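Enquirer: The following file, entry_31.cif, comprises mmCIF, C-alpha atoms:
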```cif
data_target
#
loop_
_atom_site.label_atom_id
_atom_site.label_comp_id
_atom_site.auth_asym_id
_atom_site.auth_seq_id
_atom_site.Cartn_x
_atom_site.Cartn_y
_atom_site.Cartn_z
CA MET A 70 0.00 0.00 0.00
CA HIS A 71 2.72 2.41 0.98
CA PRO A 72 5.84 0.74 -0.27
CA GLY A 73 7.87 3.89 0.35
CA ARG A 74 7.47 3.38 4.08
CA TYR A 75 9.37 0.14 4.05
CA LEU A 76 12.22 1.36 1.97
CA PRO A 77 14.43 2.61 4.81
CA VAL A 78 13.91 -0.65 6.70
CA MET A 79 14.71 -2.73 3.66
CA THR A 80 17.74 -0.63 2.87
CA ALA A 81 18.98 -1.04 6.41
CA LEU A 82 18.49 -4.81 6.26
CA LEU A 83 20.19 -5.04 2.93
CA PHE A 84 23.20 -2.98 3.92
CA GLY A 85 23.38 -4.64 7.29
CA ALA A 86 23.45 -8.06 5.68
CA ILE A 87 26.24 -7.03 3.38
CA ALA A 88 28.22 -5.09 5.94
CA VAL A 89 28.56 -7.84 8.55
CA PRO A 90 30.46 -10.44 6.54
CA ALA A 91 32.60 -7.75 4.96
CA HIS A 92 33.79 -6.72 8.42
CA ALA A 93 34.51 -10.11 9.90
CA ALA A 94 36.70 -12.31 7.77
CA THR A 95 37.92 -15.76 8.74
CA ILE A 96 41.62 -16.26 8.27
CA GLN A 97 43.41 -19.59 8.43
CA ILE A 98 46.85 -19.95 9.91
CA THR A 99 48.38 -23.41 9.84
CA MET A 100 51.07 -24.96 11.98
CA GLN A 101 52.90 -27.66 10.07
CA ASP A 102 56.38 -29.06 10.59
CA LEU A 103 56.97 -26.42 13.27
CA VAL A 104 56.18 -23.49 10.98
CA PHE A 105 53.37 -20.93 11.13
CA ALA A 106 51.99 -20.23 7.63
CA PRO A 107 51.58 -17.58 6.44
CA ALA A 108 54.35 -16.07 8.52
CA GLU A 109 52.92 -12.57 8.06
CA ILE A 110 49.32 -11.66 7.43
CA SER A 111 47.14 -8.54 7.54
CA THR A 112 43.87 -8.75 9.45
CA LYS A 113 41.32 -6.50 11.12
CA VAL A 114 39.84 -6.25 14.57
CA GLY A 115 36.82 -8.56 14.66
CA ASP A 116 38.34 -11.10 12.26
CA THR A 117 38.35 -14.73 13.28
CA ILE A 118 41.56 -16.70 13.12
CA GLU A 119 41.34 -20.43 12.53
CA TRP A 120 44.47 -21.89 14.03
CA ILE A 121 44.99 -25.23 12.26
CA ASN A 122 47.55 -27.51 13.85
CA LYS A 123 48.62 -30.21 11.38
CA ASP A 124 51.47 -31.45 13.57
CA VAL A 125 51.46 -34.28 16.09
CA PHE A 126 52.73 -31.80 18.69
CA VAL A 127 50.83 -29.33 20.85
CA HIS A 128 51.50 -25.74 19.80
CA THR A 129 50.55 -22.34 21.12
CA ALA A 130 50.09 -19.01 19.38
CA THR A 131 51.26 -16.64 22.08
CA ALA A 132 51.40 -12.89 21.52
CA ARG A 133 54.60 -11.32 22.85
CA ASN A 134 52.58 -8.32 24.05
CA GLY A 135 50.13 -10.57 25.92
CA ASP A 136 47.12 -9.85 23.65
CA PHE A 137 46.39 -13.53 23.04
CA ASP A 138 47.54 -16.98 24.02
CA VAL A 139 45.88 -19.85 22.18
CA THR A 140 46.77 -23.51 22.73
CA ILE A 141 46.11 -25.90 19.86
CA ALA A 142 46.18 -29.66 20.45
CA PRO A 143 47.74 -31.95 17.81
CA LYS A 144 45.63 -32.26 14.63
CA LYS A 145 43.05 -29.79 15.97
CA THR A 146 41.70 -26.40 14.93
CA VAL A 147 40.95 -23.62 17.40
CA THR A 148 39.28 -20.33 16.52
CA SER A 149 39.82 -16.99 18.19
CA VAL A 150 38.57 -13.47 17.45
CA LEU A 151 41.01 -10.57 17.21
CA LYS A 152 40.09 -7.88 19.72
CA LYS A 153 42.89 -5.33 19.62
CA ALA A 154 44.65 -3.55 16.77
CA GLY A 155 48.40 -3.53 16.39
CA THR A 156 51.34 -5.35 14.90
CA VAL A 157 51.64 -8.42 17.06
CA GLU A 158 54.58 -10.80 17.06
CA TYR A 159 53.62 -14.22 18.30
CA TYR A 160 55.39 -17.51 18.90
CA CYS A 161 54.88 -21.03 20.25
CA ARG A 162 55.72 -21.28 23.95
CA PHE A 163 56.76 -24.92 23.58
CA HIS A 164 58.87 -24.33 20.46
CA PRO A 165 60.05 -20.72 20.60
CA ASN A 166 61.72 -21.13 17.20
CA MET A 167 58.20 -20.92 15.72
CA LYS A 168 57.60 -17.21 15.13
CA ALA A 169 55.18 -15.13 13.04
CA VAL A 170 53.51 -11.72 12.82
CA LEU A 171 49.88 -10.58 12.65
CA THR A 172 49.10 -7.06 11.51
CA ILE A 173 45.70 -6.16 12.93
CA ALA A 174 44.06 -3.02 11.54
CA PRO A 175 41.49 -1.19 13.71
CA MET B 296 81.60 -31.29 36.95
CA PHE B 297 80.78 -29.91 33.55
CA VAL B 298 83.03 -32.49 31.98
CA ARG B 299 81.05 -35.28 33.60
CA MET B 300 77.77 -33.57 32.86
CA SER B 301 78.40 -33.68 29.20
CA ALA B 302 79.13 -37.39 29.04
CA ALA B 303 76.19 -38.15 26.77
CA ILE B 304 77.16 -35.21 24.63
CA ALA B 305 80.60 -36.66 24.10
CA ALA B 306 78.96 -39.80 22.76
CA LEU B 307 77.05 -37.78 20.21
CA SER B 308 80.18 -36.02 19.12
CA LEU B 309 81.62 -39.47 18.36
CA LEU B 310 79.32 -39.30 15.38
CA THR B 311 81.43 -36.59 13.89
CA GLY B 312 84.65 -38.14 15.16
CA PRO B 313 87.28 -40.14 13.30
CA ALA B 314 85.32 -43.40 13.23
CA LEU B 315 82.72 -41.95 10.92
CA ALA B 316 84.98 -39.50 9.19
CA GLN B 317 86.74 -42.53 7.70
CA GLY B 318 83.68 -43.16 5.61
CA ALA B 319 81.71 -45.45 7.90
CA LYS B 320 78.55 -43.46 7.60
CA PRO B 321 75.62 -44.81 9.58
CA THR B 322 73.03 -46.84 7.72
CA ASP B 323 69.31 -46.00 7.84
CA PRO B 324 68.57 -48.77 10.39
CA GLU B 325 71.39 -47.39 12.58
CA ILE B 326 70.23 -43.80 12.16
CA ALA B 327 66.70 -44.81 13.15
CA HIS B 328 68.08 -46.52 16.24
CA ILE B 329 70.25 -43.56 17.25
CA ALA B 330 67.41 -41.05 16.78
CA TYR B 331 64.96 -43.21 18.71
CA THR B 332 67.50 -43.77 21.50
CA ALA B 333 68.14 -40.02 21.74
CA GLY B 334 64.40 -39.54 22.30
CA VAL B 335 64.15 -42.32 24.87
CA ILE B 336 67.05 -40.76 26.82
CA ASP B 337 65.35 -37.39 26.97
CA ILE B 338 62.05 -38.96 28.05
CA ALA B 339 63.80 -40.82 30.90
CA ALA B 340 65.51 -37.59 32.02
CA ALA B 341 62.17 -35.75 31.86
CA LYS B 342 60.35 -38.41 33.89
CA GLN B 343 62.98 -38.06 36.60
CA ALA B 344 62.52 -34.27 36.47
CA ILE B 345 58.73 -34.55 36.81
CA GLU B 346 59.36 -36.45 40.05
CA LYS B 347 62.22 -34.36 41.40
CA ALA B 348 61.95 -30.79 40.11
CA GLY B 349 60.84 -28.13 42.55
CA ASN B 350 60.44 -25.25 40.13
CA LYS B 351 57.11 -25.25 38.28
CA ASP B 352 58.62 -24.03 34.98
CA VAL B 353 61.15 -26.87 35.11
CA LYS B 354 58.41 -29.40 35.79
CA ALA B 355 56.27 -28.00 32.94
CA PHE B 356 59.28 -28.12 30.62
CA ALA B 357 59.87 -31.77 31.54
CA GLN B 358 56.22 -32.56 30.77
CA ASP B 359 56.62 -30.89 27.36
CA MET B 360 59.69 -33.07 26.71
CA VAL B 361 57.83 -36.31 27.48
CA ARG B 362 54.90 -35.27 25.30
CA ASP B 363 56.94 -34.15 22.27
CA HIS B 364 59.55 -36.90 22.32
CA GLU B 365 56.91 -39.59 22.72
CA ALA B 366 55.12 -38.07 19.71
CA VAL B 367 58.33 -38.03 17.63
CA ASN B 368 59.22 -41.57 18.62
CA LYS B 369 55.74 -42.80 17.79
CA GLN B 370 56.17 -41.31 14.32
CA ALA B 371 59.57 -42.96 14.06
CA LEU B 372 58.11 -46.35 15.00
CA ASP B 373 55.27 -45.93 12.49
CA LEU B 374 57.80 -45.05 9.81
CA VAL B 375 60.17 -47.98 10.42
CA LYS B 376 57.17 -50.31 10.40
CA LYS B 377 55.96 -48.81 7.12
CA LEU B 378 59.44 -49.03 5.57
CA LYS B 379 59.93 -52.52 7.02
CA VAL B 380 63.20 -51.41 8.55
CA THR B 381 64.42 -52.93 11.79
CA PRO B 382 66.38 -50.34 13.79
CA GLU B 383 69.87 -51.68 14.44
CA ASP B 384 71.67 -51.22 17.69
CA ASN B 385 75.15 -49.80 17.23
CA ASP B 386 78.08 -48.37 19.17
CA THR B 387 76.76 -44.81 19.13
CA SER B 388 73.39 -45.91 20.55
CA LYS B 389 75.13 -48.06 23.17
CA THR B 390 77.47 -45.29 24.27
CA LEU B 391 74.59 -42.83 24.39
CA SER B 392 72.48 -45.12 26.58
CA LYS B 393 75.33 -45.97 28.95
CA GLN B 394 76.31 -42.35 29.45
CA ALA B 395 72.72 -41.23 29.84
CA ALA B 396 72.25 -43.83 32.57
CA ASP B 397 75.31 -42.45 34.38
CA LYS B 398 73.92 -38.94 34.01
CA LEU B 399 70.56 -39.97 35.46
CA ALA B 400 72.32 -41.52 38.46
CA GLU B 401 74.35 -38.35 38.94
CA LEU B 402 71.27 -36.12 38.77
CA ALA B 403 69.42 -38.44 41.14
CA LYS B 404 71.84 -37.40 43.91
CA LEU B 405 71.01 -33.70 43.56
CA LYS B 406 68.17 -31.94 45.32
CA GLY B 407 66.05 -28.79 45.06
CA ALA B 408 67.38 -25.83 43.11
CA ASP B 409 70.68 -27.64 42.44
CA TYR B 410 68.81 -30.42 40.72
CA ASP B 411 66.61 -28.01 38.73
CA LYS B 412 69.62 -26.09 37.43
CA ALA B 413 71.62 -29.19 36.59
CA TYR B 414 68.70 -30.80 34.76
CA VAL B 415 67.96 -27.71 32.64
CA ALA B 416 71.65 -27.08 31.92
CA ASN B 417 71.99 -30.65 30.74
CA GLU B 418 68.86 -30.30 28.59
CA VAL B 419 70.37 -27.27 26.85
CA ALA B 420 73.66 -29.08 26.24
CA TYR B 421 72.02 -32.37 25.27
CA HIS B 422 69.66 -30.80 22.73
CA LYS B 423 72.53 -28.77 21.31
CA ALA B 424 74.57 -31.96 20.86
CA VAL B 425 71.68 -33.85 19.29
CA ASN B 426 71.06 -30.94 16.91
CA GLY B 427 74.72 -30.96 15.89
CA ALA B 428 74.62 -34.71 15.24
CA LEU B 429 71.37 -34.43 13.28
CA GLU B 430 72.61 -31.57 11.14
CA THR B 431 76.11 -32.74 10.39
CA GLN B 432 75.76 -36.51 10.38
CA LEU B 433 72.36 -38.14 10.67
CA ILE B 434 70.36 -36.05 8.18
CA PRO B 435 73.09 -36.02 5.49
CA SER B 436 73.63 -39.79 5.91
CA ALA B 437 69.97 -40.80 5.72
CA SER B 438 69.17 -42.26 2.33
CA ASN B 439 65.41 -42.81 2.64
CA ALA B 440 63.53 -39.57 1.89
CA GLU B 441 60.85 -40.15 4.53
CA LEU B 442 63.43 -40.90 7.20
CA LYS B 443 65.34 -37.76 6.20
CA SER B 444 62.15 -35.70 6.40
CA LEU B 445 61.29 -37.08 9.85
CA LEU B 446 64.81 -36.27 11.05
CA GLN B 447 64.39 -32.73 9.70
CA THR B 448 61.16 -32.32 11.67
CA GLY B 449 63.00 -33.81 14.65
CA LEU B 450 65.73 -31.20 14.23
CA LYS B 451 63.18 -28.36 14.32
CA ILE B 452 61.54 -29.84 17.42
CA PHE B 453 64.92 -30.25 19.14
CA GLN B 454 65.94 -26.69 18.20
CA GLY B 455 62.67 -25.50 19.72
CA HIS B 456 63.38 -27.46 22.89
CA GLN B 457 66.89 -26.05 23.09
CA GLN B 458 65.53 -22.48 22.95
CA HIS B 459 62.80 -23.34 25.45
CA ALA B 460 65.40 -24.88 27.79
CA GLU B 461 67.60 -21.79 27.44
CA GLN B 462 64.64 -19.59 28.43
CA VAL B 463 63.90 -21.77 31.46
CA ALA B 464 67.61 -21.75 32.42
CA ALA B 465 67.72 -17.94 32.16
CA LYS B 466 64.76 -17.66 34.54
CA LEU B 467 66.43 -19.93 37.12
CA LYS B 468 69.32 -17.52 37.58
#
```
Would you put the structure from the file into structure tokens?

Expert:
Amino acid sequence: MHPGRYLPVMTALLFGAIAVPAHAATIQITMQDLVFAPAEISTKVGDTIEWINKDVFVHTATARNGDFDVTIAPKKTVTSVLKKAGTVEYYCRFHPNMKAVLTIAP
Amino acid sequence: MFVRMSAAIAALSLLTGPALAQGAKPTDPEIAHIAYTAGVIDIAAAKQAIEKAGNKDVKAFAQDMVRDHEAVNKQALDLVKKLKVTPEDNDTSKTLSKQAADKLAELAKLKGADYDKAYVANEVAYHKAVNGALETQLIPSASNAELKSLLQTGLKIFQGHQQHAEQVAAKLK
């Protein structure tokens, strides 16, 4: 009857639906043969990291600045959401020779 | 004291000594046995540390050693089974085992902070020696590609442990 009335609502729904996935990406970081891959990656606050451990060893992804500390059991995947912006160096507490960098945009 | 502490390390350096320099490079069954023995030695040392260590970082480190070395050795056993290779005992393995047993007995006499320091110091030195043997002798001598690849993963794990042990040692000071 008055289609014009619904337009703002529909527009909001439409944009909302598009905006959400565009903001929150899912990024995979694998641990295989004692190496984080990719070693450097750009992300954004709100993105989800899928930490995929392909080794038979337990690993951690531990931020040097204390922002995160994720433990990943052998052959398991753990997800975590990035909460703070910054360039974060992280490593595995059990195998400190495993090192990588996450660049997290605000 | 440090001379005695590094008894097992001396055995590993035999690998790069004259016996092998004369061209007697270890065979795959011998390499498998040496690598497996090196893991077993570190597991035994770690189990003693889980019992004896007072410091919680040292105890946690020892638990990491048991977990990782058991995982590596399980992979090694799976591989030798798959390749139908029977690991062969050899002089290097024998010397390693004998000297590790002496080292365990020596550490058994220590207590408290003295024990913690001696265990971690030996872990640093032991992993360093194993890494040297892997890099210069075992990996280059391995002919089977899968064995070589497992040894390369083993090297990265051992290098990680060496750094971890160095961090724990630094905190004990």

Enquirer: Can you pull out the residues contacting A:Asp102? Cut-off 10 Å, using only C-alpha atoms, and skip same-chain residues under 6 positions away; I want them as a list in words.

Expert: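 Non-adjacent residues within range: Asn122, Lys123, Asp124, Val125, Phe126 and Met167 of chain A; Ser444, Leu445, Gln447, Thr448, Gly449, Lys451 and Ile452 of chain B.
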
Enquirer: For the PyMOL selection byres ((chain B) within 10 of (chain A)), applied here, can you spell out every residue it catches as a VMD selection string?

Expert: chain B and resid 355 to 356 359 to 360 362 to 367 369 to 370 444 to 445 447 to 449 451 to 460 462

Enquirer: Could you check how far atom CA of B:Asn368 sits from atom CA of B:Tyr331, in Å to one decimal?

Expert: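 Computing the Euclidean distance for atom CA of B:Asn368 and atom CA of B:Tyr331 yields 6.0 Å.
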
Enquirer: So, counting all atoms listed in the file, which residue among A:Ile118, A:Ala106, A:Met100, A:Ala130 is closest to A:Tyr160?

Expert: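 Checking each candidate against A:Tyr160, we get A:Ala130 as the closest.
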
Enquirer: What is the atom CA of B:Pro321-atom CA of B:Lys398 distance in Å, reported with one decimal?

Expert: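 According to the coordinates, atom CA of B:Pro321 and atom CA of B:Lys398 are separated by 25.2 Å.
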
Enquirer: Would you mind listing what lies within 8 Å of stretch 172-175 of chain A as a list in words, with only C-alpha atoms counted and same-chain residues fewer than 3 positions away left out?

Expert: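 Returned residues: Glu109, Ile110, Ser111, Thr112, Lys113, Val114, Leu151, Lys153, Ala154, Gly155, Thr156 and Val157 of chain A.
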
Enquirer: Taking the file as I've supplied it (selection: the PyMOL selection byres ((chain B and resi 408) around 9)), which residues are included? Please answer as a PDB file with C-alpha atoms, in the coordinates of the input.

Expert:
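Below you can see expr-v4.pdb, which holds the result:
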```pdb
ATOM      1  CA  ALA B 348      61.950 -30.790  40.110  1.00  0.00           C
ATOM      2  CA  GLY B 349      60.840 -28.130  42.550  1.00  0.00           C
ATOM      3  CA  ASN B 350      60.440 -25.250  40.130  1.00  0.00           C
ATOM      4  CA  LEU B 405      71.010 -33.700  43.560  1.00  0.00           C
ATOM      5  CA  LYS B 406      68.170 -31.940  45.320  1.00  0.00           C
ATOM      6  CA  GLY B 407      66.050 -28.790  45.060  1.00  0.00           C
ATOM      7  CA  ASP B 409      70.680 -27.640  42.440  1.00  0.00           C
ATOM      8  CA  TYR B 410      68.810 -30.420  40.720  1.00  0.00           C
ATOM      9  CA  ASP B 411      66.610 -28.010  38.730  1.00  0.00           C
ATOM     10  CA  LYS B 412      69.620 -26.090  37.430  1.00  0.00           C
ATOM     11  CA  ALA B 413      71.620 -29.190  36.590  1.00  0.00           C
ATOM     12  CA  LEU B 467      66.430 -19.930  37.120  1.00  0.00           C
TER      13      LEU B 467
END
```

Enquirer: Would you kindly identify which residues have an atom no farther than 9 Å from (43.7, -16.2, 9.9), using all atoms listed in the file and the file's own coordinates, and write them out as a ChimeraX atom specification?

Expert: /A:94-99,107,110-112,116-120,148,171

Enquirer: Rounded to one decimal place, report the atom CA of B:Lys393-atom CA of B:Ile345 distance in Å.

Expert: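 If I compute the distance from atom CA of B:Lys393 to atom CA of B:Ile345, I get 21.6 Å.
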
Enquirer: Using the chain letters and numbering of this document, enumerate as a VMD selection string the residues selected by the PyMOL selection byres ((chain B and resi 385) around 8).

Expert: chain B and resid 325 328 to 329 383 to 384 386 to 389

Enquirer: List the neighbours of B:Asp337 out to 9 Å using all atoms listed in the file; skip same-chain residues closer than 2 positions along the sequence, and give me the result as a ChimeraX atom specification.

Expert: /B:332-335,339-342,360-361,364,395,418,421-422
